[in-house]
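A.B. asks: For reference, this is start-v2.pdb, and it has PDB, C-alpha atoms and all ligand atoms.
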```pdb
ATOM      1  CA  MET G   1      60.311 218.767  39.296
ATOM      2  CA  GLU G   2      63.585 216.977  39.687
ATOM      3  CA  LEU G   3      65.979 216.390  42.553
ATOM      4  CA  LYS G   4      69.382 216.324  40.909
ATOM      5  CA  ILE G   5      72.552 215.215  42.642
ATOM      6  CA  GLU G   6      75.765 215.674  40.706
ATOM      7  CA  ASN G   7      79.180 214.384  41.723
ATOM      8  CA  LEU G   8      78.322 215.000  45.369
ATOM      9  CA  HIS G   9      81.140 214.779  47.889
ATOM     10  CA  ALA G  10      80.428 215.406  51.572
ATOM     11  CA  ASN G  11      82.382 215.227  54.818
ATOM     12  CA  ILE G  12      81.861 214.958  58.516
ATOM     13  CA  GLY G  13      84.756 216.847  60.021
ATOM     14  CA  THR G  14      87.720 215.779  57.940
ATOM     15  CA  LYS G  15      86.265 212.395  57.013
ATOM     16  CA  GLU G  16      84.906 212.117  53.488
ATOM     17  CA  ILE G  17      81.733 209.994  53.509
ATOM     18  CA  LEU G  18      80.111 210.708  50.142
ATOM     19  CA  LYS G  19      82.588 210.269  47.315
ATOM     20  CA  GLY G  20      80.842 211.290  44.124
ATOM     21  CA  ILE G  21      77.120 210.542  44.090
ATOM     22  CA  ASN G  22      75.105 211.037  40.917
ATOM     23  CA  LEU G  23      71.347 210.559  41.153
ATOM     24  CA  SER G  24      68.282 212.178  39.640
ATOM     25  CA  VAL G  25      64.836 211.634  41.077
ATOM     26  CA  SER G  26      61.775 213.173  39.467
ATOM     27  CA  GLN G  27      58.300 213.516  40.860
ATOM     28  CA  GLY G  28      56.401 210.397  39.868
ATOM     29  CA  GLU G  29      59.401 208.084  40.330
ATOM     30  CA  VAL G  30      60.294 205.745  43.164
ATOM     31  CA  HIS G  31      63.978 204.932  43.613
ATOM     32  CA  ALA G  32      65.229 202.349  46.078
ATOM     33  CA  ILE G  33      68.713 202.637  47.575
ATOM     34  CA  MET G  34      70.236 199.540  49.103
ATOM     35  CA  GLY G  35      73.770 198.938  50.341
ATOM     36  CA  PRO G  36      75.758 197.634  53.292
ATOM     37  CA  ASN G  37      75.811 199.431  56.650
ATOM     38  CA  GLY G  38      78.099 202.418  56.654
ATOM     39  CA  SER G  39      77.827 203.048  52.883
ATOM     40  CA  GLY G  40      76.634 206.602  53.449
ATOM     41  CA  LYS G  41      72.903 206.179  52.774
ATOM     42  CA  SER G  42      71.786 208.141  55.844
ATOM     43  CA  THR G  43      74.527 210.685  55.209
ATOM     44  CA  LEU G  44      73.128 211.245  51.719
ATOM     45  CA  SER G  45      69.613 211.782  53.158
ATOM     46  CA  ASN G  46      70.926 214.250  55.712
ATOM     47  CA  VAL G  47      73.012 216.162  53.183
ATOM     48  CA  ILE G  48      70.013 216.496  50.845
ATOM     49  CA  MET G  49      67.941 217.950  53.726
ATOM     50  CA  GLY G  50      70.693 220.427  54.662
ATOM     51  CA  ASN G  51      71.814 218.969  58.003
ATOM     52  CA  PRO G  52      74.586 221.414  59.003
ATOM     53  CA  LYS G  53      76.678 218.594  60.532
ATOM     54  CA  TYR G  54      77.782 217.657  57.024
ATOM     55  CA  LYS G  55      79.854 219.788  54.662
ATOM     56  CA  VAL G  56      79.489 219.510  50.920
ATOM     57  CA  SER G  57      83.036 219.697  49.573
ATOM     58  CA  LYS G  58      82.325 219.163  45.890
ATOM     59  CA  GLY G  59      79.403 218.714  43.533
ATOM     60  CA  LYS G  60      75.847 219.948  43.623
ATOM     61  CA  ILE G  61      72.330 219.180  44.819
ATOM     62  CA  SER G  62      69.424 220.992  43.270
ATOM     63  CA  PHE G  63      65.662 220.698  43.333
ATOM     64  CA  ASN G  64      63.698 222.282  40.539
ATOM     65  CA  LYS G  65      67.006 223.952  39.589
ATOM     66  CA  LYS G  66      67.342 225.614  43.027
ATOM     67  CA  ASN G  67      70.683 224.989  44.675
ATOM     68  CA  LEU G  68      69.965 223.297  48.003
ATOM     69  CA  ALA G  69      73.436 223.881  49.426
ATOM     70  CA  GLU G  70      72.530 227.482  50.190
ATOM     71  CA  LEU G  71      69.309 226.665  52.009
ATOM     72  CA  ARG G  72      68.358 225.803  55.593
ATOM     73  CA  PRO G  73      66.517 222.544  56.319
ATOM     74  CA  ASP G  74      63.193 224.365  56.818
ATOM     75  CA  GLU G  75      63.636 226.105  53.453
ATOM     76  CA  ILE G  76      64.438 222.771  51.808
ATOM     77  CA  ALA G  77      61.331 221.252  53.399
ATOM     78  CA  LYS G  78      59.295 224.173  52.135
ATOM     79  CA  LEU G  79      60.360 223.357  48.574
ATOM     80  CA  GLY G  80      58.655 219.991  49.053
ATOM     81  CA  LEU G  81      61.367 217.624  50.286
ATOM     82  CA  PHE G  82      60.758 215.369  53.262
ATOM     83  CA  LEU G  83      62.907 212.968  55.277
ATOM     84  CA  SER G  84      61.601 210.119  57.390
ATOM     85  CA  PHE G  85      64.476 209.632  59.831
ATOM     86  CA  GLN G  86      66.164 206.270  60.330
ATOM     87  CA  TYR G  87      66.277 207.153  64.027
ATOM     88  CA  PRO G  88      63.492 209.678  64.774
ATOM     89  CA  PHE G  89      64.297 212.126  67.576
ATOM     90  CA  GLU G  90      62.303 212.311  70.774
ATOM     91  CA  ILE G  91      61.473 215.874  71.738
ATOM     92  CA  GLN G  92      60.099 216.348  75.211
ATOM     93  CA  GLY G  93      57.576 219.102  75.804
ATOM     94  CA  LEU G  94      56.606 219.391  72.117
ATOM     95  CA  SER G  95      53.230 217.924  71.272
ATOM     96  CA  PHE G  96      53.017 215.940  68.057
ATOM     97  CA  SER G  97      50.010 217.897  66.791
ATOM     98  CA  LYS G  98      51.526 221.333  67.524
ATOM     99  CA  PHE G  99      54.786 220.325  65.905
ATOM    100  CA  LEU G 100      53.092 219.084  62.763
ATOM    101  CA  HIS G 101      50.700 222.039  62.580
ATOM    102  CA  ALA G 102      53.677 224.416  62.695
ATOM    103  CA  ALA G 103      55.452 222.438  59.961
ATOM    104  CA  TYR G 104      52.266 222.376  57.899
ATOM    105  CA  LYS G 105      51.757 226.134  58.187
ATOM    106  CA  ASN G 106      55.377 226.728  57.160
ATOM    107  CA  GLN G 107      55.066 224.496  54.131
ATOM    108  CA  HIS G 108      51.549 225.369  53.036
ATOM    109  CA  PRO G 109      51.214 229.041  54.044
ATOM    110  CA  LEU G 110      48.350 229.647  51.643
ATOM    111  CA  GLU G 111      46.154 226.881  52.976
ATOM    112  CA  ALA G 112      45.247 228.477  56.278
ATOM    113  CA  MET G 113      43.842 225.627  58.332
ATOM    114  CA  SER G 114      42.525 226.131  61.824
ATOM    115  CA  ILE G 115      43.983 223.913  64.527
ATOM    116  CA  MET G 116      40.562 222.259  64.846
ATOM    117  CA  LYS G 117      40.429 221.380  61.160
ATOM    118  CA  PHE G 118      44.052 220.324  61.246
ATOM    119  CA  ARG G 119      43.447 218.009  64.185
ATOM    120  CA  LYS G 120      40.615 216.411  62.250
ATOM    121  CA  LEU G 121      42.944 215.798  59.298
ATOM    122  CA  LEU G 122      45.527 214.355  61.706
ATOM    123  CA  ALA G 123      43.028 212.067  63.368
ATOM    124  CA  GLU G 124      41.782 210.752  60.004
ATOM    125  CA  THR G 125      45.297 210.128  58.745
ATOM    126  CA  ALA G 126      46.277 208.476  62.035
ATOM    127  CA  HIS G 127      43.266 206.206  61.666
ATOM    128  CA  GLN G 128      44.412 205.188  58.173
ATOM    129  CA  LEU G 129      47.767 204.127  59.663
ATOM    130  CA  GLU G 130      46.050 202.486  62.627
ATOM    131  CA  ILE G 131      47.786 204.894  64.969
ATOM    132  CA  LYS G 132      45.980 205.365  68.281
ATOM    133  CA  SER G 133      44.236 208.728  68.472
ATOM    134  CA  ASP G 134      45.944 209.716  71.746
ATOM    135  CA  PHE G 135      49.209 209.825  69.789
ATOM    136  CA  ILE G 136      48.574 213.261  68.430
ATOM    137  CA  ASP G 137      48.482 214.808  71.891
ATOM    138  CA  ARG G 138      51.587 213.043  73.092
ATOM    139  CA  GLU G 139      55.077 214.547  73.085
ATOM    140  CA  LEU G 140      56.902 214.048  69.791
ATOM    141  CA  ASN G 141      58.125 210.446  69.682
ATOM    142  CA  VAL G 142      58.540 210.349  73.476
ATOM    143  CA  GLY G 143      57.890 206.807  74.656
ATOM    144  CA  PHE G 144      56.806 205.661  71.178
ATOM    145  CA  SER G 145      57.920 202.149  70.287
ATOM    146  CA  GLY G 146      60.277 201.733  67.327
ATOM    147  CA  GLY G 147      57.422 200.795  65.017
ATOM    148  CA  GLU G 148      55.213 203.635  66.303
ATOM    149  CA  LYS G 149      57.980 206.154  65.592
ATOM    150  CA  LYS G 150      58.231 204.920  62.019
ATOM    151  CA  ARG G 151      54.470 205.087  61.527
ATOM    152  CA  ALA G 152      54.487 208.585  63.044
ATOM    153  CA  GLU G 153      57.073 209.601  60.411
ATOM    154  CA  ILE G 154      54.760 208.341  57.657
ATOM    155  CA  LEU G 155      51.864 210.193  59.264
ATOM    156  CA  GLN G 156      53.932 213.366  58.906
ATOM    157  CA  MET G 157      54.596 212.536  55.268
ATOM    158  CA  LEU G 158      50.919 211.988  54.498
ATOM    159  CA  VAL G 159      49.929 215.266  56.124
ATOM    160  CA  LEU G 160      52.747 217.392  54.689
ATOM    161  CA  LYS G 161      52.380 215.961  51.156
ATOM    162  CA  PRO G 162      55.972 216.403  49.975
ATOM    163  CA  LYS G 163      56.982 216.394  46.322
ATOM    164  CA  ILE G 164      59.891 214.052  47.039
ATOM    165  CA  ALA G 165      60.047 211.938  50.197
ATOM    166  CA  ILE G 166      63.164 210.180  51.450
ATOM    167  CA  LEU G 167      62.348 207.170  53.612
ATOM    168  CA  ASP G 168      65.463 206.101  55.485
ATOM    169  CA  GLU G 169      64.887 202.499  56.561
ATOM    170  CA  THR G 170      61.295 203.259  57.467
ATOM    171  CA  ASP G 171      60.577 199.539  57.079
ATOM    172  CA  SER G 172      63.221 198.434  59.601
ATOM    173  CA  GLY G 173      61.669 197.365  62.882
ATOM    174  CA  LEU G 174      58.119 197.246  61.535
ATOM    175  CA  ASP G 175      56.014 194.161  62.099
ATOM    176  CA  ILE G 176      54.320 192.641  59.051
ATOM    177  CA  ASP G 177      51.006 194.453  59.526
ATOM    178  CA  SER G 178      52.700 197.831  60.056
ATOM    179  CA  LEU G 179      54.891 197.240  57.009
ATOM    180  CA  LYS G 180      51.782 196.671  54.957
ATOM    181  CA  LEU G 181      50.091 199.818  56.308
ATOM    182  CA  VAL G 182      53.172 201.927  55.642
ATOM    183  CA  SER G 183      53.647 200.481  52.146
ATOM    184  CA  GLU G 184      49.996 201.064  51.309
ATOM    185  CA  ALA G 185      50.251 204.645  52.555
ATOM    186  CA  VAL G 186      53.291 205.284  50.350
ATOM    187  CA  ASN G 187      51.577 203.609  47.395
ATOM    188  CA  ASP G 188      48.470 205.737  47.918
ATOM    189  CA  SER G 189      50.710 208.807  47.764
ATOM    190  CA  ARG G 190      52.123 207.747  44.419
ATOM    191  CA  SER G 191      51.188 210.136  41.655
ATOM    192  CA  LYS G 192      52.806 212.346  39.050
ATOM    193  CA  GLU G 193      53.330 214.847  41.870
ATOM    194  CA  PHE G 194      55.077 212.504  44.298
ATOM    195  CA  GLY G 195      58.485 210.884  44.102
ATOM    196  CA  ALA G 196      60.408 208.912  46.683
ATOM    197  CA  ILE G 197      63.813 207.602  47.620
ATOM    198  CA  VAL G 198      63.317 204.454  49.659
ATOM    199  CA  ILE G 199      66.396 203.323  51.580
ATOM    200  CA  THR G 200      66.049 199.725  52.667
ATOM    201  CA  HIS G 201      67.813 196.451  53.337
ATOM    202  CA  TYR G 202      64.820 194.340  52.465
ATOM    203  CA  LYS G 203      63.100 193.376  49.272
ATOM    204  CA  ARG G 204      59.816 192.951  51.082
ATOM    205  CA  ILE G 205      58.892 196.644  51.076
ATOM    206  CA  LEU G 206      59.993 196.833  47.440
ATOM    207  CA  ASN G 207      57.565 194.031  46.538
ATOM    208  CA  TYR G 208      54.798 196.369  47.680
ATOM    209  CA  LEU G 209      56.238 199.594  46.297
ATOM    210  CA  LYS G 210      57.558 198.333  42.962
ATOM    211  CA  PRO G 211      60.306 200.930  42.586
ATOM    212  CA  ASP G 212      61.194 202.189  39.113
ATOM    213  CA  PHE G 213      64.913 202.041  39.902
ATOM    214  CA  VAL G 214      67.124 200.237  42.402
ATOM    215  CA  HIS G 215      70.595 201.558  43.268
ATOM    216  CA  VAL G 216      73.334 199.928  45.292
ATOM    217  CA  MET G 217      75.513 202.196  47.350
ATOM    218  CA  HIS G 218      78.922 201.280  48.703
ATOM    219  CA  ASP G 219      81.633 203.400  50.285
ATOM    220  CA  GLY G 220      80.034 206.719  49.411
ATOM    221  CA  LYS G 221      79.224 205.901  45.791
ATOM    222  CA  ILE G 222      76.422 204.348  43.778
ATOM    223  CA  ILE G 223      78.149 201.323  42.290
ATOM    224  CA  LYS G 224      75.232 199.789  40.428
ATOM    225  CA  SER G 225      71.770 200.781  39.243
ATOM    226  CA  GLY G 226      69.013 198.677  37.742
ATOM    227  CA  GLY G 227      65.429 197.623  38.219
ATOM    228  CA  ILE G 228      63.733 195.428  40.791
ATOM    229  CA  GLU G 229      65.773 192.448  39.528
ATOM    230  CA  LEU G 230      68.799 194.025  41.224
ATOM    231  CA  ALA G 231      67.050 193.794  44.598
ATOM    232  CA  GLU G 232      66.218 190.176  43.839
ATOM    233  CA  GLU G 233      69.839 189.441  42.983
ATOM    234  CA  LEU G 234      70.948 191.112  46.219
ATOM    235  CA  GLU G 235      68.521 189.142  48.327
ATOM    236  CA  GLU G 236      69.688 185.922  46.738
ATOM    237  CA  LYS G 237      73.424 186.484  46.694
ATOM    238  CA  GLY G 238      74.127 189.203  49.263
ATOM    239  CA  TYR G 239      76.263 192.254  48.654
ATOM    240  CA  SER G 240      79.689 190.679  48.297
ATOM    241  CA  GLU G 241      78.987 189.155  44.870
ATOM    242  CA  ILE G 242      77.673 192.422  43.435
ATOM    243  CA  LEU G 243      80.545 194.350  44.974
ATOM    244  CA  LYS G 244      83.077 191.940  43.454
ATOM    245  CA  LYS G 245      81.418 192.124  40.046
ATOM    246  CA  SER G 246      81.546 195.895  40.248
ATOM    247  CA  GLY G 247      85.272 195.748  40.802
ATOM    248  CA  VAL G 248      85.166 196.589  44.521
ATOM    249  CA  LYS G 249      87.796 194.719  46.508
ATOM    250  CA  VAL G 250      85.920 192.803  49.183
ATOM    251  CA  LEU G 251      87.913 192.026  52.315
ATOM    252  CA  GLU G 252      87.403 188.657  53.925
ATOM    253  CA  VAL G 253      86.556 189.040  57.606
ATOM    254  CA  ASN G 254      89.947 187.756  58.751
ATOM    255  CA  GLU G 255      91.772 189.872  56.165
ATOM    256  CA  LYS G 256      91.016 193.063  58.126
TER     257      LYS G 256
HETATM  258  P1  LIG G 301      74.441 203.985  56.228
HETATM  259  O1  LIG G 301      73.221 204.797  56.461
HETATM  260  O2  LIG G 301      74.635 203.587  54.798
HETATM  261  O3  LIG G 301      74.526 202.801  57.144
HETATM  262  P2  LIG G 301      75.825 206.298  57.310
HETATM  263  O4  LIG G 301      75.553 207.396  56.363
HETATM  264  O5  LIG G 301      75.061 206.271  58.573
HETATM  265  O6  LIG G 301      75.704 204.897  56.546
HETATM  266  O7  LIG G 301      77.372 206.320  57.695
HETATM  267  C1  LIG G 301      78.386 206.365  56.706
HETATM  268  C2  LIG G 301      79.738 206.443  57.370
HETATM  269  O8  LIG G 301      79.860 207.685  58.031
HETATM  270  C3  LIG G 301      79.972 205.374  58.448
HETATM  271  O9  LIG G 301      81.295 204.922  58.315
HETATM  272  C4  LIG G 301      79.751 206.134  59.731
HETATM  273  O10 LIG G 301      80.529 205.579  60.770
HETATM  274  C5  LIG G 301      80.250 207.513  59.362
HETATM  275  N1  LIG G 301      79.603 208.541  60.181
HETATM  276  C6  LIG G 301      78.279 208.835  60.202
HETATM  277  N2  LIG G 301      78.014 209.819  61.076
HETATM  278  C7  LIG G 301      79.212 210.162  61.619
HETATM  279  C8  LIG G 301      79.627 211.125  62.607
HETATM  280  N3  LIG G 301      78.753 211.939  63.187
HETATM  281  N4  LIG G 301      80.947 211.193  62.899
HETATM  282  C9  LIG G 301      81.840 210.370  62.273
HETATM  283  N5  LIG G 301      81.524 209.451  61.352
HETATM  284  C10 LIG G 301      80.223 209.338  61.031
HETATM  285 MG    MG G 302      71.602 204.556  57.660
END
```
Could you render the structure as structure tokens?
Ligand code: ADP
Ligand code: MG

C.D. replies:
Amino acid sequence: MELKIENLHANIGTKEILKGINLSVSQGEVHAIMGPNGSGKSTLSNVIMGNPKYKVSKGKISFNKKNLAELRPDEIAKLGLFLSFQYPFEIQGLSFSKFLHAAYKNQHPLEAMSIMKFRKLLAETAHQLEIKSDFIDRELNVGFSGGEKKRAEILQMLVLKPKIAILDETDSGLDIDSLKLVSEAVNDSRSKEFGAIVITHYKRILNYLKPDFVHVMHDGKIIKSGGIELAEELEEKGYSEILKKSGVKVLEVNEK
């Protein structure tokens, strides 16, 4: 199955943020998206998942030929798409295990799993990520450290088993050991049935994940695509060189 984004334009209010994105991601592939702050990477993730804050003004997003623009986020998730938030929300009064059990039942209605069995699955997966077992009875993300929130997002991914996962800077704020655990978890998920879009600023996670494609986003567009060598070039030279080569006018700091 393929997530296909064609000439996608999207706005917040009257401000156009995405200005013609083209990207196809199939199950089995890992795509990295890099790019300066404010390029629209998180906006793209949110638009794919149907966040109603954003309006698609032109273009199309489909998954397995279904038009996502007409669907609610829970319907999009049910098709097998998953987003690990850059900034996970804290929700007081909602226990992590109840939240995830509800999501699981919505997405896998045929695999009736009792709460007891589900909690066992959660505990095992938490153990794999070295997440403390009391986590699953805590309120969703409330009081979790930055790194714990990110690991909790990956725990959700492992349990929900999406077809395509979008990881929005999941590696930011992780210490080296957590980064390794998260990367290993994503690698273990890799199969013909699993694809991912990994948004990151750092080559380190890409060394573990070995993406099939690397894209550079700038000002609402993908301005360059390549392989892992593109991430290497970026790490060495920074964005400005690649932007210049791609014909983007780069303002000097004092030119603004
Ligand atoms: P990235 O994830 O690449 O850093 P974002 O998608 O978060 O970029 O943001 C892209 C642009 O959209 C930025 O200029 C940001 O200020 C703007 N933006 C994001 N959310 C909002 C919002 N709610 N209201 C107005 N502008 C926004
Ligand atoms: Mg972002």

A.B. asks: Please determine, counting all atoms listed in the file, which residue among G:Phe63, G:Phe89, G:Tyr202, G:Phe96 has the shortest atom-to-atom distance to Ile48 of chain G.

C.D. replies: G:Phe63

A.B. asks: Residues picked by the PyMOL selection byres (((chain G and resi 67) around 12) and not hetatm) here, as a list in words?

C.D. replies: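 Selection result, ordered by chain and number: Glu2, Leu3, Lys4, Ile5, Glu6, Ile48, Met49, Gly50, Gly59, Lys60, Ile61, Ser62, Phe63, Asn64, Lys65, Lys66, Leu68, Ala69, Glu70, Leu71, Arg72, Glu75, Ile76 and Leu79 of chain G.
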
A.B. asks: Let me make sure I understand: among G:Lys117, G:His218, G:His127, G:Lys192, which one has the smallest atom-to-atom distance to ligand LIG 301 (chain G) if we use only C-alpha atoms and all ligand atoms?

C.D. replies: G:His218

A.B. asks: Identify, counting all atoms listed in the file, the protein, DNA and RNA residues located within 7 Å of ligand MG 302 (chain G), and give them as a compact mmCIF listing (two decimals) with C-alpha atoms, keeping the file's coordinate frame.

C.D. replies:
```
# COMPACT_ATOMS: atom_id res chain seq x y z
CA ASN G 37 75.81 199.43 56.65
CA GLY G 38 78.10 202.42 56.65
CA GLY G 40 76.63 206.60 53.45
CA LYS G 41 72.90 206.18 52.77
CA SER G 42 71.79 208.14 55.84
CA GLN G 86 66.16 206.27 60.33
CA ASP G 168 65.46 206.10 55.48
```

A.B. asks: For Thr200 of chain G, list every protein, DNA or RNA residue within 10 Å, evaluated using all atoms listed in the file, and leave out those in the same chain fewer than 2 positions away; present the list as a ChimeraX atom specification.

C.D. replies: /G:32-36,41,167-172,197-198,202-206

A.B. asks: Restore all heavy atoms in segment 110-120 of chain G and list the result as a PDB file, keeping the file's coordinate frame.

C.D. replies:
```pdb
ATOM      1  N   LEU G 110      49.570 229.116  52.254  1.00  0.00           N
ATOM      2  CA  LEU G 110      48.350 229.647  51.643  1.00  0.00           C
ATOM      3  C   LEU G 110      47.094 228.884  52.067  1.00  0.00           C
ATOM      4  O   LEU G 110      45.987 229.368  51.929  1.00  0.00           O
ATOM      5  CB  LEU G 110      48.466 229.622  50.117  1.00  0.00           C
ATOM      6  CG  LEU G 110      49.626 230.460  49.578  1.00  0.00           C
ATOM      7  CD1 LEU G 110      49.735 230.351  48.077  1.00  0.00           C
ATOM      8  CD2 LEU G 110      49.479 231.925  50.011  1.00  0.00           C
ATOM      9  N   GLU G 111      47.312 227.677  52.570  1.00  0.00           N
ATOM     10  CA  GLU G 111      46.154 226.881  52.976  1.00  0.00           C
ATOM     11  C   GLU G 111      45.916 227.045  54.475  1.00  0.00           C
ATOM     12  O   GLU G 111      46.181 226.134  55.243  1.00  0.00           O
ATOM     13  CB  GLU G 111      46.399 225.404  52.690  1.00  0.00           C
ATOM     14  CG  GLU G 111      46.492 225.081  51.221  1.00  0.00           C
ATOM     15  CD  GLU G 111      46.955 223.659  50.983  1.00  0.00           C
ATOM     16  OE1 GLU G 111      46.497 222.749  51.692  1.00  0.00           O
ATOM     17  OE2 GLU G 111      47.805 223.476  50.094  1.00  0.00           O
ATOM     18  N   ALA G 112      45.476 228.224  54.854  1.00  0.00           N
ATOM     19  CA  ALA G 112      45.247 228.477  56.278  1.00  0.00           C
ATOM     20  C   ALA G 112      44.276 227.420  56.809  1.00  0.00           C
ATOM     21  O   ALA G 112      43.171 227.279  56.299  1.00  0.00           O
ATOM     22  CB  ALA G 112      44.659 229.864  56.454  1.00  0.00           C
ATOM     23  N   MET G 113      44.712 226.659  57.774  1.00  0.00           N
ATOM     24  CA  MET G 113      43.842 225.627  58.332  1.00  0.00           C
ATOM     25  C   MET G 113      43.814 225.834  59.838  1.00  0.00           C
ATOM     26  O   MET G 113      44.866 225.912  60.464  1.00  0.00           O
ATOM     27  CB  MET G 113      44.398 224.249  57.985  1.00  0.00           C
ATOM     28  CG  MET G 113      43.334 223.168  57.983  1.00  0.00           C
ATOM     29  SD  MET G 113      43.984 221.516  57.824  1.00  0.00           S
ATOM     30  CE  MET G 113      44.205 221.328  56.087  1.00  0.00           C
ATOM     31  N   SER G 114      42.617 225.929  60.376  1.00  0.00           N
ATOM     32  CA  SER G 114      42.525 226.131  61.824  1.00  0.00           C
ATOM     33  C   SER G 114      43.055 224.887  62.523  1.00  0.00           C
ATOM     34  O   SER G 114      43.068 223.798  61.943  1.00  0.00           O
ATOM     35  CB  SER G 114      41.068 226.359  62.222  1.00  0.00           C
ATOM     36  OG  SER G 114      40.356 225.147  62.045  1.00  0.00           O
ATOM     37  N   ILE G 115      43.448 225.052  63.776  1.00  0.00           N
ATOM     38  CA  ILE G 115      43.983 223.913  64.527  1.00  0.00           C
ATOM     39  C   ILE G 115      42.912 222.823  64.652  1.00  0.00           C
ATOM     40  O   ILE G 115      43.210 221.634  64.564  1.00  0.00           O
ATOM     41  CB  ILE G 115      44.571 224.341  65.907  1.00  0.00           C
ATOM     42  CG1 ILE G 115      45.195 223.153  66.645  1.00  0.00           C
ATOM     43  CG2 ILE G 115      43.535 225.010  66.791  1.00  0.00           C
ATOM     44  CD1 ILE G 115      46.589 222.823  66.269  1.00  0.00           C
ATOM     45  N   MET G 116      41.650 223.244  64.747  1.00  0.00           N
ATOM     46  CA  MET G 116      40.562 222.259  64.846  1.00  0.00           C
ATOM     47  C   MET G 116      40.479 221.406  63.586  1.00  0.00           C
ATOM     48  O   MET G 116      40.407 220.177  63.639  1.00  0.00           O
ATOM     49  CB  MET G 116      39.207 222.973  65.026  1.00  0.00           C
ATOM     50  CG  MET G 116      39.004 223.645  66.351  1.00  0.00           C
ATOM     51  SD  MET G 116      39.104 222.473  67.708  1.00  0.00           S
ATOM     52  CE  MET G 116      37.509 221.682  67.517  1.00  0.00           C
ATOM     53  N   LYS G 117      40.526 222.081  62.436  1.00  0.00           N
ATOM     54  CA  LYS G 117      40.429 221.380  61.160  1.00  0.00           C
ATOM     55  C   LYS G 117      41.676 220.504  60.964  1.00  0.00           C
ATOM     56  O   LYS G 117      41.601 219.376  60.481  1.00  0.00           O
ATOM     57  CB  LYS G 117      40.330 222.419  60.036  1.00  0.00           C
ATOM     58  CG  LYS G 117      39.577 221.895  58.850  1.00  0.00           C
ATOM     59  CD  LYS G 117      39.212 223.013  57.894  1.00  0.00           C
ATOM     60  CE  LYS G 117      39.076 222.413  56.496  1.00  0.00           C
ATOM     61  NZ  LYS G 117      39.400 223.345  55.448  1.00  0.00           N
ATOM     62  N   PHE G 118      42.810 221.063  61.386  1.00  0.00           N
ATOM     63  CA  PHE G 118      44.052 220.324  61.246  1.00  0.00           C
ATOM     64  C   PHE G 118      44.033 219.053  62.093  1.00  0.00           C
ATOM     65  O   PHE G 118      44.449 217.992  61.666  1.00  0.00           O
ATOM     66  CB  PHE G 118      45.246 221.212  61.635  1.00  0.00           C
ATOM     67  CG  PHE G 118      46.567 220.535  61.404  1.00  0.00           C
ATOM     68  CD1 PHE G 118      47.086 220.404  60.129  1.00  0.00           C
ATOM     69  CD2 PHE G 118      47.273 219.990  62.468  1.00  0.00           C
ATOM     70  CE1 PHE G 118      48.286 219.755  59.913  1.00  0.00           C
ATOM     71  CE2 PHE G 118      48.479 219.344  62.263  1.00  0.00           C
ATOM     72  CZ  PHE G 118      48.989 219.230  60.984  1.00  0.00           C
ATOM     73  N   ARG G 119      43.511 219.187  63.302  1.00  0.00           N
ATOM     74  CA  ARG G 119      43.447 218.009  64.185  1.00  0.00           C
ATOM     75  C   ARG G 119      42.540 216.927  63.595  1.00  0.00           C
ATOM     76  O   ARG G 119      42.790 215.741  63.750  1.00  0.00           O
ATOM     77  CB  ARG G 119      42.941 218.426  65.574  1.00  0.00           C
ATOM     78  CG  ARG G 119      43.997 219.169  66.399  1.00  0.00           C
ATOM     79  CD  ARG G 119      43.413 219.621  67.720  1.00  0.00           C
ATOM     80  NE  ARG G 119      42.971 218.497  68.511  1.00  0.00           N
ATOM     81  CZ  ARG G 119      43.766 217.794  69.308  1.00  0.00           C
ATOM     82  NH1 ARG G 119      45.028 218.117  69.443  1.00  0.00           N
ATOM     83  NH2 ARG G 119      43.286 216.783  69.994  1.00  0.00           N
ATOM     84  N   LYS G 120      41.515 217.371  62.878  1.00  0.00           N
ATOM     85  CA  LYS G 120      40.615 216.411  62.250  1.00  0.00           C
ATOM     86  C   LYS G 120      41.378 215.648  61.147  1.00  0.00           C
ATOM     87  O   LYS G 120      41.302 214.422  61.049  1.00  0.00           O
ATOM     88  CB  LYS G 120      39.410 217.164  61.671  1.00  0.00           C
ATOM     89  CG  LYS G 120      38.307 216.256  61.251  1.00  0.00           C
ATOM     90  CD  LYS G 120      36.958 216.994  61.154  1.00  0.00           C
ATOM     91  CE  LYS G 120      35.921 216.100  60.522  1.00  0.00           C
ATOM     92  NZ  LYS G 120      35.826 216.216  59.073  1.00  0.00           N
TER      93      LYS G 120
END
```
